[in-house]
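A.B. asks: Next comes the structure file work-v7.txt, holding compact mmCIF, C-alpha atoms.
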```txt
# COMPACT_ATOMS: atom_id res chain seq x y z
CA MET I 1 185.73 151.26 102.72
CA ALA I 2 186.22 149.36 99.46
CA GLU I 3 188.85 146.64 99.31
CA PHE I 4 192.01 147.34 97.36
CA ALA I 5 191.53 143.91 95.71
CA PRO I 6 189.39 140.84 96.44
CA GLY I 7 190.36 139.56 99.88
CA LEU I 8 192.94 142.38 100.30
CA PRO I 9 191.55 145.34 102.27
CA ASN I 10 194.76 147.40 102.14
CA LYS I 11 198.00 146.48 100.37
CA LYS I 12 200.04 148.46 102.93
CA ILE I 13 198.89 146.71 106.11
CA THR I 14 200.76 143.68 107.46
CA THR I 15 199.68 142.78 110.99
CA PRO I 16 202.44 141.27 113.17
CA VAL I 17 201.87 137.59 113.92
CA PRO I 18 200.45 137.34 117.48
CA SER I 19 202.28 135.39 120.18
CA THR I 20 200.20 132.27 120.91
CA ARG I 21 200.55 128.63 121.93
CA TYR I 22 198.37 125.60 121.22
CA GLN I 23 195.67 127.47 119.35
CA THR I 24 193.61 126.29 116.39
CA TRP I 25 194.18 128.41 113.29
CA GLU I 26 192.94 128.14 109.72
CA TYR I 27 195.38 126.96 107.07
CA SER I 28 195.13 127.07 103.30
CA ILE I 29 197.31 127.09 100.22
CA GLN I 30 195.95 128.67 97.05
CA ARG I 31 197.41 127.98 93.63
CA HIS I 32 197.53 131.37 91.94
CA ASP I 33 198.15 131.53 88.19
CA ALA I 34 198.53 135.31 87.99
CA VAL I 35 198.79 137.15 84.69
CA LYS I 36 201.50 139.51 85.98
CA ALA I 37 203.33 137.59 88.74
CA GLY I 38 203.09 134.16 87.09
CA LEU I 39 202.27 130.83 88.69
CA HIS I 40 202.90 130.69 92.46
CA TYR I 41 201.24 129.57 95.69
CA ASP I 42 199.79 131.70 98.47
CA LEU I 43 200.23 130.31 101.98
CA ARG I 44 197.59 131.61 104.40
CA LEU I 45 197.36 131.18 108.17
CA GLY I 46 194.21 132.60 109.71
CA SER I 47 194.33 133.65 113.35
CA GLY I 48 191.27 134.25 115.49
CA THR I 49 193.46 136.43 117.71
CA SER I 50 194.54 138.86 114.97
CA GLY I 51 191.40 138.36 112.87
CA VAL I 52 193.32 138.28 109.59
CA ALA I 53 194.87 135.76 107.22
CA HIS I 54 198.64 136.17 107.53
CA SER I 55 200.00 135.55 104.05
CA TRP I 56 203.17 134.50 102.22
CA VAL I 57 204.04 133.82 98.58
CA ILE I 58 205.86 130.53 97.89
CA LYS I 59 207.01 129.03 94.57
CA SER I 60 206.31 125.43 95.57
CA ILE I 61 204.94 123.33 98.42
CA PRO I 62 207.83 121.69 100.31
CA ARG I 63 207.93 117.93 100.85
CA PRO I 64 209.16 116.41 104.17
CA GLY I 65 212.68 117.66 104.89
CA GLN I 66 212.48 120.47 102.32
CA LYS I 67 212.32 124.26 102.75
CA VAL I 68 211.31 127.05 100.36
CA LEU I 69 211.52 130.84 100.40
CA ALA I 70 208.31 132.47 101.66
CA ILE I 71 207.82 136.21 101.08
CA GLU I 72 205.47 137.92 103.51
CA GLN I 73 202.42 139.63 101.98
CA PRO I 74 199.85 142.13 103.28
CA ASP I 75 196.89 140.94 105.38
CA HIS I 76 194.08 139.14 103.58
CA THR I 77 190.63 138.44 104.97
CA LEU I 78 189.81 135.14 106.63
CA GLU I 79 187.02 134.60 104.10
CA TYR I 80 189.44 134.90 101.17
CA MET I 81 191.43 131.90 102.44
CA ARG I 82 188.61 129.70 101.11
CA TYR I 83 188.23 131.44 97.74
CA SER I 84 188.58 129.62 94.44
CA GLY I 85 187.75 131.41 91.20
CA ARG I 86 189.01 133.90 88.64
CA LEU I 87 190.15 137.42 89.52
CA LYS I 88 189.06 139.23 86.37
CA SER I 89 191.06 142.44 86.67
CA GLY I 90 193.44 144.52 88.72
CA TYR I 91 195.85 143.31 91.40
CA GLY I 92 196.42 139.55 91.26
CA MET I 93 194.36 139.06 88.10
CA GLY I 94 194.28 135.38 87.20
CA GLN I 95 193.00 132.00 88.33
CA VAL I 96 192.94 131.13 92.07
CA GLN I 97 192.31 127.62 93.40
CA VAL I 98 192.43 126.29 96.97
CA VAL I 99 194.65 123.19 96.85
CA GLU I 100 194.99 122.58 100.59
CA SER I 101 192.71 123.57 103.43
CA ALA I 102 192.53 122.41 107.07
CA ASN I 103 192.58 123.41 110.69
CA ALA I 104 196.13 123.91 111.93
CA GLU I 105 197.31 123.44 115.48
CA MET I 106 199.60 126.40 116.13
CA LEU I 107 202.10 125.04 118.64
CA GLU I 108 203.85 128.39 118.92
CA SER I 109 203.77 131.68 117.05
CA SER I 110 205.54 135.03 117.28
CA SER I 111 206.55 137.86 114.99
CA ASP I 112 209.52 135.82 113.72
CA LYS I 113 208.53 132.17 114.04
CA LEU I 114 205.52 129.89 113.62
CA VAL I 115 205.43 126.16 114.34
CA PHE I 116 202.25 124.29 113.43
CA ASN I 117 200.79 120.91 112.51
CA ILE I 118 198.19 119.76 110.03
CA TYR I 119 196.35 116.54 110.88
CA LYS I 120 195.11 114.74 107.76
CA GLY I 121 193.35 111.50 108.58
CA ALA I 122 195.66 109.64 110.94
CA ASP I 123 198.75 111.44 109.59
CA THR I 124 200.64 114.35 111.19
CA HIS I 125 202.23 116.93 108.88
CA ARG I 126 204.60 119.34 110.63
CA PHE I 127 205.69 122.79 109.47
CA ALA I 128 207.69 125.83 110.58
CA LEU I 129 207.99 129.37 109.26
CA ILE I 130 211.16 131.23 110.26
CA ARG I 131 211.85 134.87 109.42
CA THR I 132 215.33 135.32 107.94
CA GLY I 133 215.18 139.08 107.49
CA GLY I 134 212.64 141.73 106.49
CA LYS I 135 209.79 140.12 104.57
CA ASN I 136 211.80 136.98 103.79
CA TRP I 137 210.95 133.78 105.64
CA LEU I 138 211.79 130.11 105.16
CA PHE I 139 208.89 127.67 105.04
CA TYR I 140 210.02 124.24 106.32
CA ASN I 141 208.21 120.92 106.06
CA THR I 142 209.55 119.31 109.24
CA THR I 143 207.46 116.12 109.01
CA ASN I 144 209.50 113.18 110.27
CA THR I 145 210.35 110.27 107.98
CA ARG I 146 212.39 107.10 108.52
CA ASP I 147 215.35 108.48 106.60
CA ARG I 148 215.39 111.53 108.89
CA VAL I 149 214.75 109.89 112.27
CA LYS I 150 216.50 106.58 112.91
CA ILE I 151 214.27 104.52 115.18
CA PRO I 152 213.82 100.73 115.57
CA SER I 153 211.45 99.17 113.04
CA THR I 154 210.95 95.92 114.94
CA LYS I 155 209.53 94.78 118.25
CA ARG I 156 211.73 92.76 120.62
CA SER I 157 211.09 89.01 120.69
CA TYR I 158 210.06 88.01 124.21
CA LYS I 159 209.97 84.50 125.59
CA THR I 160 206.39 83.64 126.60
CA VAL I 161 205.36 81.33 129.44
CA SER I 162 202.20 80.57 131.38
CA VAL I 163 201.59 82.56 134.57
CA ASP I 164 201.55 79.19 136.36
CA ALA I 165 205.28 78.89 135.56
CA LEU I 166 206.12 82.05 137.51
CA ASP I 167 207.84 81.82 140.88
CA PRO I 168 207.34 84.91 143.09
CA ASN I 169 210.32 83.83 145.22
CA LYS I 170 212.75 83.75 142.31
CA PRO I 171 215.70 86.02 143.20
CA ASP I 172 216.82 89.06 141.14
CA THR I 173 213.47 89.39 139.42
CA LEU I 174 210.85 92.12 139.22
CA TRP I 175 207.25 91.74 138.12
CA SER I 176 205.41 94.32 136.08
CA PRO I 177 201.87 94.21 134.65
CA LYS I 178 201.65 93.40 130.95
CA VAL I 179 199.95 96.60 129.86
CA ASP I 180 196.92 96.29 127.57
CA GLY I 181 198.08 98.79 124.95
CA ALA I 182 200.24 99.37 121.88
CA HIS I 183 204.03 99.07 121.74
CA ASN I 184 205.64 102.39 120.71
CA ILE I 185 209.04 104.05 120.39
CA PHE I 186 209.74 107.23 122.41
CA TYR I 187 212.39 109.43 120.79
CA LEU I 188 214.00 112.10 122.98
CA LYS I 189 216.38 114.80 121.73
CA LYS I 190 217.50 117.74 123.85
CA GLY I 191 215.47 120.91 123.53
CA ARG I 192 212.78 119.24 121.42
CA ARG I 193 209.39 117.80 122.15
CA PRO I 194 209.31 114.07 122.99
CA GLU I 195 208.27 112.20 119.86
CA ILE I 196 206.30 108.95 119.82
CA PHE I 197 206.18 106.57 116.86
CA SER I 198 204.90 103.10 116.14
CA TYR I 199 207.71 100.72 115.34
CA ARG I 200 205.57 99.46 112.45
CA THR I 201 206.16 100.57 108.88
CA SER I 202 203.35 102.29 107.01
CA LYS I 203 201.68 100.06 104.42
CA ARG I 204 201.30 103.09 102.13
CA ASP I 205 204.88 104.37 102.28
CA SER I 206 207.87 102.52 103.76
CA ASN I 207 209.64 105.84 104.48
CA LYS I 208 206.71 107.23 106.42
CA LEU I 209 206.60 107.16 110.22
CA ILE I 210 203.36 106.38 112.03
CA GLU I 211 203.38 109.16 114.61
CA HIS I 212 201.36 109.35 117.84
CA THR I 213 203.19 112.27 119.52
CA TYR I 214 200.26 114.66 119.45
CA LYS I 215 197.73 112.14 120.74
CA THR I 216 199.29 112.38 124.22
CA GLU I 217 200.04 115.27 126.55
CA LEU I 218 203.81 114.76 126.17
CA TYR I 219 203.92 117.05 123.13
CA LYS I 220 203.68 120.06 125.45
CA GLU I 221 206.92 119.05 127.18
CA ARG I 222 210.55 119.79 126.27
CA VAL I 223 213.41 117.33 126.62
CA PRO I 224 216.08 118.66 129.05
CA ASN I 225 219.57 119.21 127.63
CA GLU I 226 220.96 116.68 130.13
CA ILE I 227 219.16 113.77 128.47
CA GLY I 228 220.56 113.97 124.95
CA GLU I 229 219.46 111.57 122.19
CA THR I 230 217.59 108.73 123.89
CA ILE I 231 215.29 106.02 122.52
CA LEU I 232 212.85 104.32 124.89
CA ARG I 233 210.26 101.62 124.39
CA GLY I 234 206.89 101.87 126.02
CA GLU I 235 203.19 101.23 125.79
CA LEU I 236 200.42 103.64 124.82
CA TYR I 237 197.04 102.75 126.30
CA GLY I 238 193.61 104.29 126.66
CA VAL I 239 192.21 105.26 130.04
CA ASP I 240 188.75 106.64 130.70
CA ASN I 241 187.59 109.53 132.86
CA VAL I 242 187.14 107.26 135.90
CA GLY I 243 190.66 105.84 135.60
CA LYS I 244 189.73 102.52 133.99
CA VAL I 245 191.92 101.13 131.22
CA VAL I 246 189.93 100.50 128.05
CA SER I 247 190.28 97.51 125.74
CA SER I 248 193.32 97.26 123.51
CA ALA I 249 190.96 97.35 120.51
CA THR I 250 189.63 100.73 121.62
CA THR I 251 193.18 102.01 122.17
CA ALA I 252 194.08 100.89 118.65
CA GLY I 253 191.01 102.65 117.26
CA ILE I 254 192.03 105.92 118.90
CA LEU I 255 195.64 105.65 117.76
CA ASN I 256 194.50 104.96 114.20
CA SER I 257 192.21 108.01 114.20
CA ASN I 258 192.76 111.71 113.57
CA VAL I 259 194.58 113.67 116.31
CA TRP I 260 191.62 115.99 116.92
CA LEU I 261 189.30 113.01 117.46
CA SER I 262 191.83 111.14 119.58
CA ARG I 263 191.92 114.02 122.08
CA ASN I 264 188.17 114.05 122.43
CA SER I 265 187.29 110.37 122.23
CA ALA I 266 184.02 110.51 124.14
CA GLY I 267 181.66 107.89 122.78
CA LYS I 268 183.28 108.16 119.33
CA VAL I 269 185.17 104.89 119.36
CA GLY I 270 183.98 101.33 118.99
CA GLY I 271 183.17 98.73 121.59
CA SER I 272 181.69 98.98 125.06
CA GLU I 273 183.32 102.38 125.65
CA LYS I 274 181.03 103.80 122.97
CA SER I 275 177.87 102.54 124.63
CA LEU I 276 179.01 103.86 127.99
CA GLY I 277 179.86 107.28 126.51
CA ARG I 278 183.17 107.33 128.37
CA LYS I 279 185.77 109.94 127.49
CA VAL I 280 189.06 108.22 126.72
CA ARG I 281 192.56 109.70 126.74
CA ILE I 282 195.89 108.17 125.77
CA ASP I 283 198.48 107.60 128.50
CA HIS I 284 201.83 105.80 128.54
CA VAL I 285 204.38 103.78 130.48
CA ILE I 286 208.05 103.10 129.64
CA PHE I 287 209.53 99.60 130.06
CA ASP I 288 212.77 99.42 128.03
CA ILE I 289 215.59 101.54 126.59
CA ASP I 290 217.54 101.13 123.34
CA ARG I 291 219.73 104.23 123.29
CA TYR I 292 220.93 106.62 125.98
CA LYS I 293 222.67 109.91 125.13
CA GLY I 294 223.46 108.56 121.68
CA LYS I 295 224.91 105.25 122.89
CA ASP I 296 223.42 101.81 122.14
CA VAL I 297 222.37 100.24 125.46
CA SER I 298 219.88 97.69 124.14
CA ASP I 299 221.93 94.66 125.23
CA LEU I 300 222.78 95.82 128.75
CA PRO I 301 221.47 93.78 131.72
CA TYR I 302 218.09 95.07 132.81
CA SER I 303 219.53 96.23 136.15
CA GLN I 304 221.64 98.78 134.25
CA LYS I 305 218.82 99.67 131.88
CA LEU I 306 216.56 100.37 134.85
CA LEU I 307 219.08 102.83 136.29
CA LEU I 308 219.17 104.71 132.96
CA MET I 309 215.37 104.78 132.66
CA ARG I 310 215.04 106.06 136.21
CA GLU I 311 217.55 108.81 135.41
CA VAL I 312 215.51 109.83 132.36
CA SER I 313 212.35 109.93 134.48
CA ARG I 314 214.15 111.95 137.16
CA GLN I 315 215.25 114.52 134.58
CA MET I 316 211.83 114.45 132.92
CA PRO I 317 209.09 113.39 135.39
CA SER I 318 206.43 113.31 132.66
CA ILE I 319 208.12 110.13 131.33
CA LYS I 320 206.52 107.43 133.49
CA LEU I 321 208.05 104.03 134.11
CA ALA I 322 205.89 100.91 134.26
CA PRO I 323 205.15 99.86 137.86
CA MET I 324 207.47 97.09 139.09
CA VAL I 325 207.44 95.06 142.31
CA SER I 326 210.15 92.91 143.83
CA SER I 327 208.85 91.29 147.05
CA PRO I 328 207.01 87.93 146.88
CA ASP I 329 203.96 89.36 148.67
CA LYS I 330 203.62 92.25 146.21
CA LYS I 331 204.12 89.93 143.25
CA ILE I 332 201.36 87.63 144.47
CA HIS I 333 199.07 90.60 145.07
CA MET I 334 199.75 91.98 141.57
CA LEU I 335 198.98 88.66 139.90
CA LYS I 336 195.81 88.22 141.98
CA SER I 337 194.51 91.66 141.00
CA ILE I 338 195.22 90.94 137.30
CA LYS I 339 193.44 87.57 137.44
CA GLU I 340 190.43 89.17 139.11
CA GLY I 341 190.33 92.00 136.57
CA ASN I 342 191.03 94.66 139.19
CA HIS I 343 194.48 95.85 138.12
CA PRO I 344 194.40 99.36 136.57
CA LEU I 345 196.79 98.50 133.74
CA SER I 346 196.32 94.88 132.77
CA LYS I 347 194.07 91.91 132.30
CA GLU I 348 196.67 90.11 130.16
CA GLY I 349 199.32 88.91 132.58
CA ILE I 350 202.78 89.62 134.00
CA VAL I 351 206.13 90.69 132.61
CA GLU I 352 208.90 88.97 134.58
CA ILE I 353 212.13 90.97 134.56
CA ASP I 354 215.36 89.15 135.29
CA LEU I 355 217.76 91.90 136.37
CA ASN I 356 220.72 89.91 135.04
CA LYS I 357 219.28 89.56 131.52
CA SER I 358 218.53 92.11 128.82
CA ILE I 359 215.08 90.96 127.68
CA PRO I 360 212.16 90.19 130.05
CA THR I 361 209.75 87.26 129.82
CA LYS I 362 206.00 87.58 129.22
CA ALA I 363 203.62 85.44 131.25
CA LYS I 364 200.18 85.66 129.68
CA LEU I 365 196.93 84.94 131.43
CA LYS I 366 194.84 82.87 129.05
CA LYS I 367 191.09 82.44 129.09
CA GLU I 368 189.15 79.41 127.86
CA ILE I 369 185.76 79.70 126.18
CA ASP I 370 183.40 77.34 124.37
CA VAL I 371 182.32 78.04 120.77
CA TYR I 372 180.10 76.50 118.07
CA VAL I 373 181.73 75.57 114.75
CA THR I 374 179.93 77.16 111.79
CA MET I 375 182.31 76.28 108.96
CA VAL I 376 185.55 74.41 108.30
CA PHE I 377 187.83 76.34 105.94
CA PRO I 378 190.56 74.88 103.72
CA GLY I 379 194.24 75.05 104.55
CA GLY I 380 196.95 76.60 102.43
CA GLY I 381 200.52 75.62 101.63
CA LYS I 382 201.19 71.99 102.53
CA TYR I 383 197.56 71.61 103.65
CA GLY I 384 196.11 72.86 100.37
CA GLY I 385 193.39 70.52 99.08
CA SER I 386 194.01 67.83 101.68
CA ALA I 387 193.52 69.32 105.15
CA ALA I 388 191.62 72.03 107.02
CA GLY I 389 193.13 75.38 107.85
CA GLY I 390 190.78 75.67 110.83
CA PHE I 391 187.20 76.67 111.54
CA LEU I 392 184.92 79.67 111.92
CA ALA I 393 182.84 79.74 115.08
CA SER I 394 180.26 81.68 117.08
CA ARG I 395 179.85 82.15 120.82
CA THR I 396 176.20 81.08 120.69
CA GLN I 397 174.33 78.51 118.65
CA GLY I 398 173.11 80.24 115.50
CA GLY I 399 175.07 83.40 116.33
CA PRO I 400 177.44 85.33 114.04
CA ALA I 401 180.63 83.53 113.00
CA SER I 402 183.00 86.19 114.33
CA ILE I 403 185.77 83.85 115.57
CA ARG I 404 188.40 82.35 113.28
CA VAL I 405 190.51 79.56 114.80
CA GLY I 406 193.52 78.42 112.80
CA SER I 407 196.04 77.08 115.31
CA GLY I 408 196.29 74.34 117.91
CA PHE I 409 195.44 71.46 115.57
CA SER I 410 197.62 68.42 114.83
CA ASP I 411 198.10 67.43 111.19
CA ALA I 412 195.96 64.35 111.78
CA GLU I 413 193.14 66.49 113.19
CA ARG I 414 193.31 68.86 110.21
CA ILE I 415 192.99 65.96 107.76
CA LYS I 416 190.10 64.44 109.71
CA MET I 417 188.28 67.79 109.87
CA TRP I 418 188.62 68.33 106.13
CA ASN I 419 187.46 64.84 105.18
CA ASN I 420 184.44 65.14 107.49
CA ARG I 421 183.91 68.90 107.36
CA LYS I 422 180.11 68.81 107.11
CA ARG I 423 179.91 66.70 110.28
CA TYR I 424 181.96 69.26 112.21
CA ILE I 425 179.43 72.05 111.68
CA GLY I 426 177.61 72.60 114.96
CA ARG I 427 180.25 70.89 117.08
CA PHE I 428 181.15 72.38 120.42
CA ALA I 429 184.87 73.26 120.90
CA LYS I 430 186.96 74.66 123.71
CA ILE I 431 189.44 77.33 122.63
CA GLU I 432 192.01 79.38 124.51
CA ILE I 433 192.05 83.13 123.93
CA GLN I 434 193.84 86.17 125.24
CA GLU I 435 190.85 88.52 125.25
CA GLU I 436 187.24 88.82 124.14
CA LEU I 437 186.72 92.05 122.16
CA PRO I 438 183.53 94.17 122.22
CA SER I 439 183.03 93.42 118.51
CA GLY I 440 182.53 89.72 119.31
CA LYS I 441 185.94 88.76 117.94
CA VAL I 442 188.71 87.38 120.13
CA ARG I 443 192.48 87.82 120.38
CA SER I 444 194.91 84.94 119.75
CA PRO I 445 192.44 81.99 119.57
CA VAL I 446 193.95 78.48 119.87
CA PHE I 447 192.02 75.20 119.64
CA LYS I 448 192.26 73.08 122.82
CA GLU I 449 189.77 70.21 122.59
CA TRP I 450 186.38 69.08 121.35
CA ARG I 451 183.51 69.23 123.82
CA SER I 452 180.64 66.78 123.96
CA TYR I 453 177.43 67.80 122.22
CA ILE I 454 174.79 69.66 124.22
```
Reformat the file's structure so that it appears as structure tokens.

C.D. replies:
Amino acid sequence: MAEFAPGLPNKKITTPVPSTRYQTWEYSIQRHDAVKAGLHYDLRLGSGTSGVAHSWVIKSIPRPGQKVLAIEQPDHTLEYMRYSGRLKSGYGMGQVQVVESANAEMLESSSDKLVFNIYKGADTHRFALIRTGGKNWLFYNTTNTRDRVKIPSTKRSYKTVSVDALDPNKPDTLWSPKVDGAHNIFYLKKGRRPEIFSYRTSKRDSNKLIEHTYKTELYKERVPNEIGETILRGELYGVDNVGKVVSSATTAGILNSNVWLSRNSAGKVGGSEKSLGRKVRIDHVIFDIDRYKGKDVSDLPYSQKLLLMREVSRQMPSIKLAPMVSSPDKKIHMLKSIKEGNHPLSKEGIVEIDLNKSIPTKAKLKKEIDVYVTMVFPGGGKYGGSAAGGFLASRTQGGPASIRVGSGFSDAERIKMWNNRKRYIGRFAKIEIQEELPSGKVRSPVFKEWRSYI
């Protein structure tokens, strides 16, 4: 049977939207400069279940927080969703151009409501279509922005000490592993999905939120009505298919990637995980709370915060608290396992929680390595032109200069290095680091001392 018009088999058939959850659909928007109807946009959502492109006419594409009228149209073919060209005659005559096209994750769909996401690069764009009556719908852009969701934009400042300064017998304290992951904000609002955002501000747009909600399994949950508006702080971290926590660099790579890739990170991320071909998923732990049922609780003693976090986890078991121990024996065992690299969550150190204070203390486990200096670089600011900023170094003699050391020097040492910079090339130095990364770089390098030549 011939089509009524290109991409339109029958102008009288409108298939009801099927009821689905967590399916991948096709999404496109076509700019249609029609001779008769005028300039408008055609929103298409292609379902493998119904086999058609469900279609709506909209006058404009809504920005975050906006909504526009969407008028339901007859079924189009899935192939027509990708069409750009000129319709030379008949129904819809005019110029058609695809202006947006992607896979959509349909979170839920029914005959009266569709909720879906588009993942562009590392960004999440969220939409909803709601029927208001007959063929009239409202098309919402529900993407979160900082002016719509008020979350903290800073990380708490923690006091940092050496693990050697910790006392397992200190009363009213708990120890927790310092998780090798990324600090994130968990936003809970009754009846909605838990939402997870970086506290950091986007470099491209200060109003944009960096969202990681859909890179975890929490997006399939709903916040119970008993919890209300609650803001938690926690850590996102990568764990492989044998239960081993991956490097923080690999976790960062997954979080900075597209949602589709982040859910199937098997050998597609950098570092040793790539060479091992390990499938990595994102998990979480919660360690602090800023707001509970709409009330600011950020300055409460940790003993009270812990009660609130445990209540949240009781109401919503998928929200997992960081492991904490209180007895001296368990503290010693935790620290031993971290030092030996056997703890499932950390190689970095301990978080000491004083139950009578609001903010815990970090005790980092440092590592010392020897490096070869390959170049002395100039300092800036007060050191400009007269002292060194630090040095570049390699792990092996003649190896790549992948380590940049810029702290730990006295002013006198900086001046001496700069005045004798050629003589420092090839010298052997001991530096303190937090972690060696698979790329050959290191985290938080600090100069400690010069070694003798070898």

A.B. asks: What's the separation between CA of Val179 (chain I) and CA of Ser346 (chain I), in Å to one decimal place?

C.D. replies: 5.0 Å

A.B. asks: Have a look at CA of Ile286 (chain I) and CA of Asp329 (chain I) and let me know their distance in Å, one decimal.

C.D. replies: 23.8 Å

A.B. asks: CA of Asn117 (chain I) and CA of Phe186 (chain I), how far apart in Å?

C.D. replies: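 Atom-to-atom, CA of Phe186 (chain I) to CA of Asn117 (chain I), that is 19.1 Å.
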
A.B. asks: I'd like the box whose edges run along x, y and z of the file and which contains every listed atom of region 257-264 of chain I, padded by 3 Å per side; could you state its centre and edge lengths in Å, one decimal, as lines of an AutoDock Vina configuration file?

C.D. replies:
```
center_x = 191.4
center_y = 112.0
center_z = 118.0
size_x = 12.4
size_y = 14.0
size_z = 14.9
```

A.B. asks: Got a sec: who's within 9 Å of region 245-255 of chain I, counting all atoms listed in the file, leaving out chain neighbours fewer than 6 positions off, as a ChimeraX atom specification?

C.D. replies: /I:122,180-182,212,215,236-239,261-263,265,269-273,280-282,344-346,437-438

A.B. asks: Could you give me, as a list of chain:residue names, the residues within 8 Å of Thr213 (chain I), counting all atoms listed in the file and dropping anything in the same chain fewer than 6 positions from it?

C.D. replies: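 That gives I:Pro194, I:Glu195, I:Ile196, I:Phe197, I:Tyr219.
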
A.B. asks: Of the residues I:Gly385, I:Pro445, I:Pro177, I:Gly406, which is the one nearest to Lys366 (chain I), using all atoms listed in the file?

C.D. replies: I:Pro445

A.B. asks: For a quick check of your reading of the model, name the residues lying within 7 Å of the coordinate (205.3, 121.4, 110.7), counting only C-alpha atoms, and write them as a list in words.

C.D. replies: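 Nearby residues: Val115, Phe116, Asn117, His125, Arg126, Phe127, Ala128, Asn141, Thr142 and Thr143 of chain I.
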
A.B. asks: Put those residues in a file: C-alpha atoms, as a tab-separated table (two decimals), keeping the file's coordinate frame.

C.D. replies:
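As a result, again36.tsv now contains:
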```
chain	number	residue	atom	x	y	z
I	115	VAL	CA	205.43	126.16	114.34
I	116	PHE	CA	202.25	124.29	113.43
I	117	ASN	CA	200.79	120.91	112.51
I	125	HIS	CA	202.23	116.93	108.88
I	126	ARG	CA	204.60	119.34	110.63
I	127	PHE	CA	205.69	122.79	109.47
I	128	ALA	CA	207.69	125.83	110.58
I	141	ASN	CA	208.21	120.92	106.06
I	142	THR	CA	209.55	119.31	109.24
I	143	THR	CA	207.46	116.12	109.01
```

A.B. asks: Let me make sure I understand: among I:Val351, I:Ala104, I:Ala34, I:Leu8, which one has the smallest atom-to-atom distance to Val259 (chain I) if we use only C-alpha atoms?

C.D. replies: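 Of I:Val351, I:Ala104, I:Ala34, I:Leu8, the one nearest Val259 (chain I), counting only C-alpha atoms, is I:Ala104.
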
A.B. asks: Between I:Ile210, I:Val17, I:Ile353, I:Met316, which one has atoms that come closest to Leu188 (chain I), using only C-alpha atoms?

C.D. replies: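 Answer, going by the shortest atom-to-atom distance: I:Met316.
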
A.B. asks: Pick from I:His32, I:Lys120, I:Lys320, I:His76: nearest to Val98 (chain I), with all atoms listed in the file counted?

C.D. replies: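 Result for the nearest residue to Val98 (chain I): I:His32.
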
A.B. asks: Of the candidates I:Arg222, I:Lys244, I:His343, I:Lys150, which one gets nearest to Gln315 (chain I) if we count all atoms listed in the file?

C.D. replies: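 Closest residue, counting all atoms listed in the file: I:Arg222.
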
A.B. asks: Contacts of region 80-91 of chain I at 8 Å or less, counting only C-alpha atoms, minus same-chain residues fewer than 2 places along, as a ChimeraX atom specification?

C.D. replies: /I:5-7,27-30,44,46,53,76-78,93-98,101

A.B. asks: When distances are computed from all atoms listed in the file, which of I:Tyr187, I:Tyr158, I:Trp418, I:Phe428 shows the smallest separation from Gln397 (chain I)?

C.D. replies: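 So, comparing all the options, the nearest one is I:Phe428.
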
A.B. asks: Using all atoms listed in the file, which residues sit within 12 Å of Met417 (chain I) once same-chain residues fewer than 6 positions away are excluded, as a PDB file with C-alpha atoms, in the frame of the given file?

C.D. replies:
```
ATOM      1  CA  VAL I 373     181.730  75.570 114.750  1.00  0.00           C
ATOM      2  CA  MET I 375     182.310  76.280 108.960  1.00  0.00           C
ATOM      3  CA  VAL I 376     185.550  74.410 108.300  1.00  0.00           C
ATOM      4  CA  PHE I 377     187.830  76.340 105.940  1.00  0.00           C
ATOM      5  CA  PRO I 378     190.560  74.880 103.720  1.00  0.00           C
ATOM      6  CA  GLY I 379     194.240  75.050 104.550  1.00  0.00           C
ATOM      7  CA  TYR I 383     197.560  71.610 103.650  1.00  0.00           C
ATOM      8  CA  SER I 386     194.010  67.830 101.680  1.00  0.00           C
ATOM      9  CA  ALA I 387     193.520  69.320 105.150  1.00  0.00           C
ATOM     10  CA  ALA I 388     191.620  72.030 107.020  1.00  0.00           C
ATOM     11  CA  GLY I 389     193.130  75.380 107.850  1.00  0.00           C
ATOM     12  CA  GLY I 390     190.780  75.670 110.830  1.00  0.00           C
ATOM     13  CA  PHE I 391     187.200  76.670 111.540  1.00  0.00           C
ATOM     14  CA  PHE I 409     195.440  71.460 115.570  1.00  0.00           C
ATOM     15  CA  SER I 410     197.620  68.420 114.830  1.00  0.00           C
ATOM     16  CA  ASP I 411     198.100  67.430 111.190  1.00  0.00           C
ATOM     17  CA  ARG I 423     179.910  66.700 110.280  1.00  0.00           C
ATOM     18  CA  TYR I 424     181.960  69.260 112.210  1.00  0.00           C
ATOM     19  CA  ILE I 425     179.430  72.050 111.680  1.00  0.00           C
ATOM     20  CA  ARG I 427     180.250  70.890 117.080  1.00  0.00           C
ATOM     21  CA  TRP I 450     186.380  69.080 121.350  1.00  0.00           C
TER      22      TRP I 450
END
```

A.B. asks: Near Leu114 (chain I), within 8 Å and counting all atoms listed in the file, which residues show up once chain neighbours fewer than 5 positions away are dropped, as a list of chain:residue names?

C.D. replies: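 The residues satisfying every condition are I:Met106, I:Leu107, I:Glu108, I:Ser109, I:Ala128, I:Leu129, I:Ile130.
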
A.B. asks: Dump as a PyMOL selection string all residues having an atom at most 8 Å from (211.2, 86.7, 126.2), computed in the file's coordinates with all atoms listed in the file.

C.D. replies: chain I and resi 157-160+359-362
